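Trainee: For reference, the file run10.pdb (PDB, C-alpha atoms) is included below:
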```
ATOM      1  CA  MET W   1       0.000   0.000   0.000
ATOM      2  CA  ASP W   2       2.795   2.406   0.914
ATOM      3  CA  GLN W   3       4.525   1.667  -2.382
ATOM      4  CA  LEU W   4       1.331   2.499  -4.283
ATOM      5  CA  VAL W   5       0.908   5.782  -2.396
ATOM      6  CA  ASN W   6       4.570   6.712  -2.887
ATOM      7  CA  GLY W   7       4.354   5.874  -6.580
ATOM      8  CA  PHE W   8       1.240   8.008  -6.963
ATOM      9  CA  LEU W   9       2.845  10.952  -5.148
ATOM     10  CA  LYS W  10       5.946  10.638  -7.300
ATOM     11  CA  LYS W  11       3.846  10.748 -10.473
ATOM     12  CA  GLU W  12       1.945  13.750  -9.125
ATOM     13  CA  ARG W  13       5.189  15.594  -8.383
ATOM     14  CA  LEU W  14       6.477  14.794 -11.864
ATOM     15  CA  SER W  15       3.196  15.978 -13.403
ATOM     16  CA  ILE W  16       3.239  19.250 -11.431
ATOM     17  CA  GLY W  17       6.905  19.715 -12.294
ATOM     18  CA  ARG W  18       6.175  19.281 -16.005
ATOM     19  CA  TRP W  19       3.348  21.808 -15.893
ATOM     20  CA  ILE W  20       5.492  24.332 -14.029
ATOM     21  CA  GLY W  21       8.252  23.774 -16.590
ATOM     22  CA  ARG W  22       5.838  24.335 -19.472
ATOM     23  CA  VAL W  23       4.430  27.509 -17.908
ATOM     24  CA  LEU W  24       7.939  28.881 -17.354
ATOM     25  CA  LEU W  25       8.914  27.984 -20.918
ATOM     26  CA  ALA W  26       5.782  29.677 -22.295
ATOM     27  CA  LEU W  27       6.423  32.820 -20.250
ATOM     28  CA  SER W  28      10.069  32.846 -21.354
ATOM     29  CA  PHE W  29       9.099  32.551 -25.007
ATOM     30  CA  ILE W  30       6.424  35.248 -24.801
ATOM     31  CA  GLY W  31       8.742  37.519 -22.806
ATOM     32  CA  LEU W  32      11.717  37.151 -25.154
ATOM     33  CA  SER W  33       9.683  37.453 -28.349
ATOM     34  CA  GLY W  34       7.971  40.502 -26.852
ATOM     35  CA  LEU W  35      11.357  41.982 -25.958
ATOM     36  CA  VAL W  36      12.567  41.475 -29.522
ATOM     37  CA  TYR W  37       9.523  42.902 -31.240
ATOM     38  CA  PHE W  38       8.442  45.625 -28.807
ATOM     39  CA  VAL W  39      11.573  46.971 -27.144
ATOM     40  CA  PHE W  40      13.775  46.399 -30.214
ATOM     41  CA  SER W  41      11.008  46.979 -32.749
ATOM     42  CA  PRO W  42      12.024  47.638 -36.373
ATOM     43  CA  TYR W  43       9.263  50.262 -36.455
ATOM     44  CA  ARG W  44       9.268  52.081 -33.091
ATOM     45  CA  PRO W  45      12.296  51.126 -30.928
ATOM     46  CA  LEU W  46      11.815  52.107 -27.286
ATOM     47  CA  LEU W  47      15.450  52.811 -26.399
ATOM     48  CA  PRO W  48      17.662  55.742 -27.466
ATOM     49  CA  LYS W  49      19.966  55.113 -30.450
ATOM     50  CA  TRP W  50      23.118  53.651 -28.869
ATOM     51  CA  TYR W  51      21.310  51.897 -26.015
ATOM     52  CA  ASP W  52      19.128  50.262 -28.646
ATOM     53  CA  PHE W  53      22.147  49.181 -30.699
ATOM     54  CA  TYR W  54      24.004  47.748 -27.693
ATOM     55  CA  GLY W  55      20.820  46.110 -26.445
ATOM     56  CA  ARG W  56      20.218  44.316 -29.739
ATOM     57  CA  THR W  57      23.850  43.237 -29.981
ATOM     58  CA  GLY W  58      23.877  42.022 -26.383
ATOM     59  CA  LEU W  59      20.663  40.056 -26.804
ATOM     60  CA  ILE W  60      21.995  38.382 -29.961
ATOM     61  CA  LEU W  61      25.217  37.382 -28.148
ATOM     62  CA  ILE W  62      23.294  36.060 -25.125
ATOM     63  CA  LEU W  63      20.940  33.989 -27.295
ATOM     64  CA  ALA W  64      23.867  32.683 -29.382
ATOM     65  CA  CYS W  65      25.760  31.578 -26.240
ATOM     66  CA  LEU W  66      22.609  30.032 -24.776
ATOM     67  CA  PHE W  67      21.938  28.187 -28.032
ATOM     68  CA  LEU W  68      25.473  26.731 -28.060
ATOM     69  CA  PHE W  69      25.179  25.705 -24.411
ATOM     70  CA  LEU W  70      21.815  24.019 -24.949
ATOM     71  CA  ARG W  71      23.035  22.338 -28.122
ATOM     72  CA  LYS W  72      25.908  20.682 -26.239
ATOM     73  CA  SER W  73      23.829  19.706 -23.208
ATOM     74  CA  ARG W  74      22.325  16.222 -23.300
ATOM     75  CA  ARG W  75      19.728  17.250 -20.716
ATOM     76  CA  TYR W  76      18.610  20.528 -22.279
ATOM     77  CA  GLU W  77      19.330  19.943 -25.968
ATOM     78  CA  LYS W  78      15.617  19.802 -26.798
ATOM     79  CA  TYR W  79      15.308  23.508 -25.955
ATOM     80  CA  SER W  80      18.062  24.549 -28.361
ATOM     81  CA  ILE W  81      15.755  24.626 -31.412
ATOM     82  CA  LEU W  82      13.390  27.087 -29.723
ATOM     83  CA  CYS W  83      16.322  29.233 -28.581
ATOM     84  CA  GLY W  84      17.671  29.122 -32.135
ATOM     85  CA  GLY W  85      14.339  30.418 -33.428
ATOM     86  CA  LEU W  86      14.474  33.372 -31.037
ATOM     87  CA  LEU W  87      18.062  34.031 -32.131
ATOM     88  CA  ILE W  88      17.025  34.047 -35.804
ATOM     89  CA  MET W  89      14.106  36.363 -35.036
ATOM     90  CA  THR W  90      16.374  38.817 -33.186
ATOM     91  CA  ILE W  91      18.914  38.903 -36.014
ATOM     92  CA  ALA W  92      16.196  39.307 -38.673
ATOM     93  CA  VAL W  93      14.400  42.123 -36.840
ATOM     94  CA  SER W  94      17.673  43.915 -36.052
ATOM     95  CA  LEU W  95      18.950  43.771 -39.640
ATOM     96  CA  ASP W  96      15.550  44.989 -40.806
ATOM     97  CA  TRP W  97      15.948  47.988 -38.468
ATOM     98  CA  LEU W  98      19.473  48.748 -39.696
ATOM     99  CA  THR W  99      18.585  48.586 -43.377
ATOM    100  CA  ALA W 100      15.480  50.724 -42.813
ATOM    101  CA  ILE W 101      17.685  53.447 -41.276
ATOM    102  CA  TYR W 102      20.034  53.196 -44.267
ATOM    103  CA  GLN W 103      17.149  53.497 -46.724
ATOM    104  CA  ILE W 104      15.616  56.524 -45.048
ATOM    105  CA  LYS W 105      18.774  58.387 -44.014
ATOM    106  CA  TYR W 106      21.201  57.677 -46.843
ATOM    107  CA  LEU W 107      19.071  56.666 -49.814
ATOM    108  CA  GLY W 108      16.296  59.135 -49.078
ATOM    109  CA  VAL W 109      13.502  56.610 -49.687
ATOM    110  CA  ASN W 110      10.199  58.337 -48.951
ATOM    111  CA  GLY W 111       7.706  55.909 -47.479
ATOM    112  CA  ASN W 112       4.918  58.446 -47.847
ATOM    113  CA  SER W 113       4.100  57.323 -51.393
ATOM    114  CA  PRO W 114       2.846  53.997 -52.790
ATOM    115  CA  ALA W 115       6.154  53.324 -54.585
ATOM    116  CA  GLY W 116       8.300  54.267 -51.587
ATOM    117  CA  PHE W 117       6.141  52.225 -49.212
ATOM    118  CA  ALA W 118       6.389  49.239 -51.564
ATOM    119  CA  LEU W 119      10.175  49.577 -51.747
ATOM    120  CA  GLN W 120      10.444  49.614 -47.962
ATOM    121  CA  LYS W 121       8.230  46.524 -47.666
ATOM    122  CA  VAL W 122      10.190  44.622 -50.329
ATOM    123  CA  ASN W 123      13.413  45.477 -48.518
ATOM    124  CA  GLN W 124      11.922  44.267 -45.243
ATOM    125  CA  CYS W 125      10.711  41.048 -46.853
ATOM    126  CA  ILE W 126      14.097  40.299 -48.447
ATOM    127  CA  ILE W 127      15.977  40.906 -45.197
ATOM    128  CA  VAL W 128      13.613  38.996 -42.879
ATOM    129  CA  THR W 129      12.898  36.009 -45.127
ATOM    130  CA  GLY W 130      16.532  35.880 -46.290
ATOM    131  CA  VAL W 131      17.851  35.707 -42.726
ATOM    132  CA  ILE W 132      15.315  33.036 -41.735
ATOM    133  CA  ILE W 133      15.921  30.867 -44.816
ATOM    134  CA  PHE W 134      19.715  31.199 -44.563
ATOM    135  CA  LEU W 135      20.112  30.678 -40.795
ATOM    136  CA  THR W 136      17.582  27.861 -40.337
ATOM    137  CA  PRO W 137      19.859  25.228 -41.999
ATOM    138  CA  VAL W 138      22.931  26.809 -40.353
ATOM    139  CA  LEU W 139      21.403  26.118 -36.931
ATOM    140  CA  GLY W 140      20.667  22.534 -37.897
ATOM    141  CA  CYS W 141      17.063  22.524 -39.151
ATOM    142  CA  GLY W 142      15.674  21.840 -42.603
ATOM    143  CA  LEU W 143      13.437  24.269 -44.457
ATOM    144  CA  GLY W 144      10.532  21.925 -43.747
ATOM    145  CA  SER W 145      10.812  22.989 -40.099
ATOM    146  CA  ILE W 146       9.635  26.471 -41.151
ATOM    147  CA  TYR W 147       6.980  25.056 -43.519
ATOM    148  CA  ILE W 148       8.835  25.912 -46.715
ATOM    149  CA  GLN W 149       7.803  22.704 -48.419
ATOM    150  CA  LYS W 150       5.092  21.389 -50.710
ATOM    151  CA  GLY W 151       2.876  19.901 -48.015
ATOM    152  CA  ARG W 152      -0.789  19.727 -49.015
ATOM    153  CA  LEU W 153      -0.194  22.364 -51.647
ATOM    154  CA  LYS W 154      -3.512  22.125 -53.532
ATOM    155  CA  LEU W 155      -5.549  22.472 -50.346
ATOM    156  CA  GLY W 156      -3.436  25.382 -49.107
ATOM    157  CA  LEU W 157      -3.610  27.245 -52.424
ATOM    158  CA  ALA W 158      -7.350  26.623 -52.777
ATOM    159  CA  ILE W 159      -8.161  28.009 -49.327
ATOM    160  CA  GLY W 160      -5.617  30.800 -49.570
ATOM    161  CA  MET W 161      -6.712  31.943 -53.022
ATOM    162  CA  THR W 162     -10.417  31.819 -52.096
ATOM    163  CA  ALA W 163      -9.759  33.986 -49.020
ATOM    164  CA  PHE W 164      -7.575  36.348 -51.080
ATOM    165  CA  VAL W 165     -10.246  36.868 -53.766
ATOM    166  CA  LEU W 166     -13.051  37.396 -51.228
ATOM    167  CA  ALA W 167     -10.941  39.906 -49.286
ATOM    168  CA  ALA W 168      -9.958  41.722 -52.502
ATOM    169  CA  VAL W 169     -13.586  42.010 -53.610
ATOM    170  CA  GLY W 170     -14.621  43.528 -50.294
ATOM    171  CA  SER W 171     -11.451  45.552 -49.760
ATOM    172  CA  ILE W 172     -12.763  49.008 -50.719
ATOM    173  CA  PRO W 173     -15.794  49.006 -48.383
ATOM    174  CA  MET W 174     -13.644  47.476 -45.615
ATOM    175  CA  ALA W 175     -10.998  50.169 -46.135
ATOM    176  CA  ASN W 176     -13.662  52.875 -45.897
ATOM    177  CA  MET W 177     -15.314  51.360 -42.848
ATOM    178  CA  PHE W 178     -12.343  50.217 -40.739
ATOM    179  CA  PHE W 179      -9.141  51.788 -42.101
ATOM    180  CA  LYS W 180      -9.902  55.481 -42.667
ATOM    181  CA  GLY W 181     -10.426  55.105 -46.412
ATOM    182  CA  ASP W 182     -12.564  58.255 -46.435
ATOM    183  CA  GLY W 183     -14.797  57.454 -49.406
ATOM    184  CA  LEU W 184     -12.392  55.462 -51.588
ATOM    185  CA  THR W 185     -13.754  54.369 -54.955
ATOM    186  CA  LEU W 186     -12.597  51.852 -57.541
ATOM    187  CA  ALA W 187     -11.319  54.734 -59.698
ATOM    188  CA  ASP W 188      -9.104  55.874 -56.811
ATOM    189  CA  VAL W 189      -7.737  52.391 -56.221
ATOM    190  CA  LEU W 190      -6.975  51.225 -59.767
ATOM    191  CA  PRO W 191      -3.649  53.144 -60.129
ATOM    192  CA  TRP W 192      -2.456  51.729 -56.806
ATOM    193  CA  ILE W 193      -3.064  48.050 -57.596
ATOM    194  CA  PRO W 194       0.531  47.109 -58.617
ATOM    195  CA  TRP W 195       1.956  48.722 -55.465
ATOM    196  CA  VAL W 196      -0.750  47.242 -53.255
ATOM    197  CA  LEU W 197      -0.035  43.719 -54.517
ATOM    198  CA  VAL W 198       3.709  44.124 -53.947
ATOM    199  CA  ILE W 199       3.140  45.465 -50.426
ATOM    200  CA  VAL W 200       0.624  42.845 -49.262
ATOM    201  CA  PHE W 201       2.606  39.855 -50.545
ATOM    202  CA  ALA W 202       5.895  41.190 -49.165
ATOM    203  CA  ASN W 203       4.318  41.869 -45.787
ATOM    204  CA  ALA W 204       2.429  38.567 -45.615
ATOM    205  CA  ALA W 205       5.492  36.508 -46.584
ATOM    206  CA  GLN W 206       7.790  38.031 -43.978
ATOM    207  CA  GLU W 207       5.185  37.996 -41.169
ATOM    208  CA  GLU W 208       4.059  34.411 -41.805
ATOM    209  CA  LEU W 209       7.663  33.179 -41.824
ATOM    210  CA  LEU W 210       8.635  35.281 -38.813
ATOM    211  CA  PHE W 211       5.777  33.974 -36.672
ATOM    212  CA  ARG W 212       3.970  30.861 -37.925
ATOM    213  CA  GLY W 213       6.883  29.490 -39.955
ATOM    214  CA  LEU W 214       9.646  30.133 -37.486
ATOM    215  CA  PHE W 215       7.927  28.978 -34.292
ATOM    216  CA  LEU W 216       4.939  26.659 -34.776
ATOM    217  CA  LYS W 217       6.963  23.459 -35.181
ATOM    218  CA  LYS W 218       9.481  24.563 -32.540
ATOM    219  CA  LEU W 219       6.750  25.017 -29.930
ATOM    220  CA  GLN W 220       4.725  21.901 -30.787
ATOM    221  CA  PRO W 221       6.934  19.315 -28.989
ATOM    222  CA  PHE W 222       6.362  21.201 -25.719
ATOM    223  CA  PHE W 223       2.795  22.469 -26.037
ATOM    224  CA  GLY W 224       1.059  20.570 -28.842
ATOM    225  CA  ARG W 225      -0.455  22.027 -32.001
ATOM    226  CA  LEU W 226      -3.387  23.957 -30.480
ATOM    227  CA  VAL W 227      -1.551  25.688 -27.625
ATOM    228  CA  SER W 228       1.422  26.472 -29.882
ATOM    229  CA  ASN W 229      -0.906  28.202 -32.319
ATOM    230  CA  LEU W 230      -2.614  30.123 -29.506
ATOM    231  CA  MET W 231       0.751  31.319 -28.179
ATOM    232  CA  ILE W 232       1.681  32.678 -31.604
ATOM    233  CA  VAL W 233      -1.773  34.291 -31.863
ATOM    234  CA  PHE W 234      -1.182  36.053 -28.532
ATOM    235  CA  VAL W 235       2.229  37.416 -29.508
ATOM    236  CA  PHE W 236       1.119  38.343 -33.037
ATOM    237  CA  THR W 237      -1.960  40.200 -31.767
ATOM    238  CA  LEU W 238       0.043  42.162 -29.190
ATOM    239  CA  LEU W 239       2.429  43.144 -31.980
ATOM    240  CA  HIS W 240      -0.442  45.093 -33.551
ATOM    241  CA  LYS W 241      -1.230  47.011 -30.360
ATOM    242  CA  GLY W 242      -0.866  50.730 -30.993
ATOM    243  CA  VAL W 243      -1.359  50.686 -34.768
ATOM    244  CA  THR W 244      -2.568  54.000 -36.152
ATOM    245  CA  TYR W 245      -4.134  52.853 -39.414
ATOM    246  CA  SER W 246      -7.292  51.402 -37.854
ATOM    247  CA  ALA W 247     -10.349  53.554 -37.109
ATOM    248  CA  ASP W 248     -11.024  51.453 -33.994
ATOM    249  CA  GLU W 249      -7.990  49.706 -32.487
ATOM    250  CA  LEU W 250      -9.966  47.422 -30.150
ATOM    251  CA  THR W 251     -12.201  46.136 -32.948
ATOM    252  CA  PHE W 252      -9.137  45.601 -35.117
ATOM    253  CA  LEU W 253      -7.349  43.555 -32.432
ATOM    254  CA  VAL W 254     -10.472  41.461 -31.818
ATOM    255  CA  VAL W 255     -10.592  40.635 -35.547
ATOM    256  CA  VAL W 256      -6.848  39.861 -35.692
ATOM    257  CA  ILE W 257      -7.215  37.065 -33.115
ATOM    258  CA  PRO W 258      -9.358  34.639 -35.212
ATOM    259  CA  LEU W 259      -7.461  35.564 -38.379
ATOM    260  CA  ALA W 260      -4.088  34.795 -36.778
ATOM    261  CA  PHE W 261      -5.503  31.516 -35.443
ATOM    262  CA  ALA W 262      -6.824  30.624 -38.918
ATOM    263  CA  TRP W 263      -3.434  31.320 -40.521
ATOM    264  CA  GLY W 264      -1.695  29.105 -37.974
ATOM    265  CA  TYR W 265      -4.281  26.341 -38.340
ATOM    266  CA  LEU W 266      -4.006  26.471 -42.140
ATOM    267  CA  THR W 267      -0.221  26.233 -41.923
ATOM    268  CA  GLN W 268      -0.457  23.227 -39.594
ATOM    269  CA  LYS W 269      -3.229  21.566 -41.612
ATOM    270  CA  THR W 270      -1.466  21.874 -44.966
ATOM    271  CA  GLU W 271       2.094  21.468 -43.582
ATOM    272  CA  SER W 272       3.193  24.472 -45.655
ATOM    273  CA  ILE W 273       3.276  28.260 -45.471
ATOM    274  CA  TRP W 274       1.877  29.086 -48.930
ATOM    275  CA  GLY W 275      -1.831  29.060 -48.150
ATOM    276  CA  SER W 276      -1.479  31.268 -45.092
ATOM    277  CA  ILE W 277       0.631  33.773 -47.068
ATOM    278  CA  LEU W 278      -2.139  34.085 -49.680
ATOM    279  CA  PHE W 279      -4.845  34.346 -46.989
ATOM    280  CA  HIS W 280      -2.821  36.926 -45.020
ATOM    281  CA  ALA W 281      -2.027  38.980 -48.123
ATOM    282  CA  GLY W 282      -5.718  39.215 -49.011
ATOM    283  CA  MET W 283      -6.673  40.449 -45.544
ATOM    284  CA  ASP W 284      -3.959  43.115 -45.741
ATOM    285  CA  ILE W 285      -5.446  44.705 -48.882
ATOM    286  CA  PRO W 286      -8.031  46.963 -47.135
ATOM    287  CA  ILE W 287      -5.397  47.993 -44.581
ATOM    288  CA  ILE W 288      -2.948  49.053 -47.298
ATOM    289  CA  LEU W 289      -5.682  50.864 -49.232
ATOM    290  CA  GLY W 290      -6.474  52.862 -46.119
ATOM    291  CA  ILE W 291      -2.809  53.656 -45.489
ATOM    292  CA  ILE W 292      -2.198  54.823 -49.078
ATOM    293  CA  ALA W 293      -5.401  56.884 -49.029
ATOM    294  CA  ASN W 294      -3.996  58.850 -46.097
ATOM    295  CA  MET W 295      -0.545  59.442 -47.606
ATOM    296  CA  ALA W 296      -1.542  62.588 -49.488
TER     297      ALA W 296
END
```
Show me the file's structure as structure tokens.

Mentor:
Amino acid sequence: MDQLVNGFLKKERLSIGRWIGRVLLALSFIGLSGLVYFVFSPYRPLLPKWYDFYGRTGLILILACLFLFLRKSRRYEKYSILCGGLLIMTIAVSLDWLTAIYQIKYLGVNGNSPAGFALQKVNQCIIVTGVIIFLTPVLGCGLGSIYIQKGRLKLGLAIGMTAFVLAAVGSIPMANMFFKGDGLTLADVLPWIPWVLVIVFANAAQEELLFRGLFLKKLQPFFGRLVSNLMIVFVFTLLHKGVTYSADELTFLVVVIPLAFAWGYLTQKTESIWGSILFHAGMDIPIILGIIANMA
């Protein structure tokens, strides 16, 4: 009887220990990803110039050392992949910030025009996706780990394209209603279409890789598919806190939650990133229309 009781208590302690470990890991991930994207944001960094630079550099060095330590540890090796993802994210976001400064300060790129905005987004997409695609194999993972693979391609493209077309059809009224379009008409929008398409696909590609692609599979061994998706939804939604292009920020954030969940679910379901990029790009169209409408 005593052996049964002791065995039960031991299992209970192990179970509680696992849950505490998972909670701490979740908080660490959310805290570090928040630090990267809020404090060291490529859009609105919180620290003064040199403090920001030293902070980014220090965080990259700390994550690199931690990754190497975890990689060599037999006990903690399983955490190295997640640490590597955070390291890649920090490098990608920081290089995006540096190149944006170069574009604005030295090249004089004006983001207050459709062409200039598109150029900035293409630059951001090249930097972020390039870093992720290059460093993922360097840190020991295949491109399939970030969903750059065929997967269930037909299903992903069918769902993604359907969502894209529906969003495009309703983009003008949505831009007027939710994104300060101020009476946009089809005649207003037609000259912008090439720039809008460049912007939405560049933005969707880099955001889907930076969030769903980079972290869904890395979180799944610890939290499962559903909780991993919800964690990414939480971080992704908070990223959009404080946006100025929405007429009602709270409504916008409430809508982002199911959309972000759908993009993660689609990525998991199809085992590829392509469908979610199409879906995401379509939902960005009314946002970009509203932004361009307010550039004048």

Trainee: So that I can see what lies close to range 266-269 of chain W, please list as number ranges by chain the residues with an atom at most 10 Å from it, counting all atoms listed in the file and leaving out residues fewer than 6 positions away in the same chain.

Mentor: W: 146-147, 151-152, 155-156, 159-160, 208, 212-213, 216-217, 225-226, 229, 260, 275-277, 279

Trainee: Wanna dump the range 183-224 of chain W-range 30-38 of chain W contacts at 12 Å for me, each residue with its shortest atom pair and the distance in Å to one decimal, counting only C-alpha atoms, ordered by chain and number, as CSV?

Mentor:
```
residue,atom,partner,partner_atom,distance
W:Glu207,CA,W:Tyr37,CA,11.9
W:Leu210,CA,W:Ser33,CA,10.7
W:Phe211,CA,W:Ser33,CA,9.8
W:Leu214,CA,W:Ser33,CA,11.7
W:Phe215,CA,W:Ser33,CA,10.5
W:Leu219,CA,W:Ile30,CA,11.4
```

Trainee: Find the residue from W:Ala204, W:Ala293, W:Leu59, W:Val128 that sits nearest to Phe164 in chain W; use all atoms listed in the file when measuring.

Mentor: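 The answer is W:Ala204, which sits nearest to Phe164 in chain W.
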
Trainee: Enter the distance from CA of Ile232 in chain W to CA of Leu253 in chain W, in Å, rounded to one decimal.

Mentor: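 Those two atoms sit 14.2 Å apart.
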
Trainee: Would you pick out the contacts of Lys49 in chain W at 12 Å or less, using all atoms listed in the file, so that residues sharing its chain but fewer than 6 positions from it are not included, and give the list as a ChimeraX atom specification?

Mentor: /W:40,55-56,97-98,101

Trainee: Enumerate, as a list in words, the residues matched when the PyMOL selection byres ((chain W and resi 81) around 10) is run on the file above.

Mentor: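 Answer for the PyMOL selection byres ((chain W and resi 81) around 10): Phe67, Leu70, Arg71, Glu77, Lys78, Tyr79, Ser80, Leu82, Cys83, Gly84, Gly85, Leu86, Leu87, Thr136, Leu139, Gly140, Cys141, Phe215, Lys217, Lys218 and Leu219 of chain W.
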
Trainee: Counting all atoms listed in the file, what is within 9 Å of range 170-187 of chain W, bar same-chain residues fewer than 5 positions away, as number ranges by chain?

Mentor: W: 165, 245-248, 251-252, 282-294
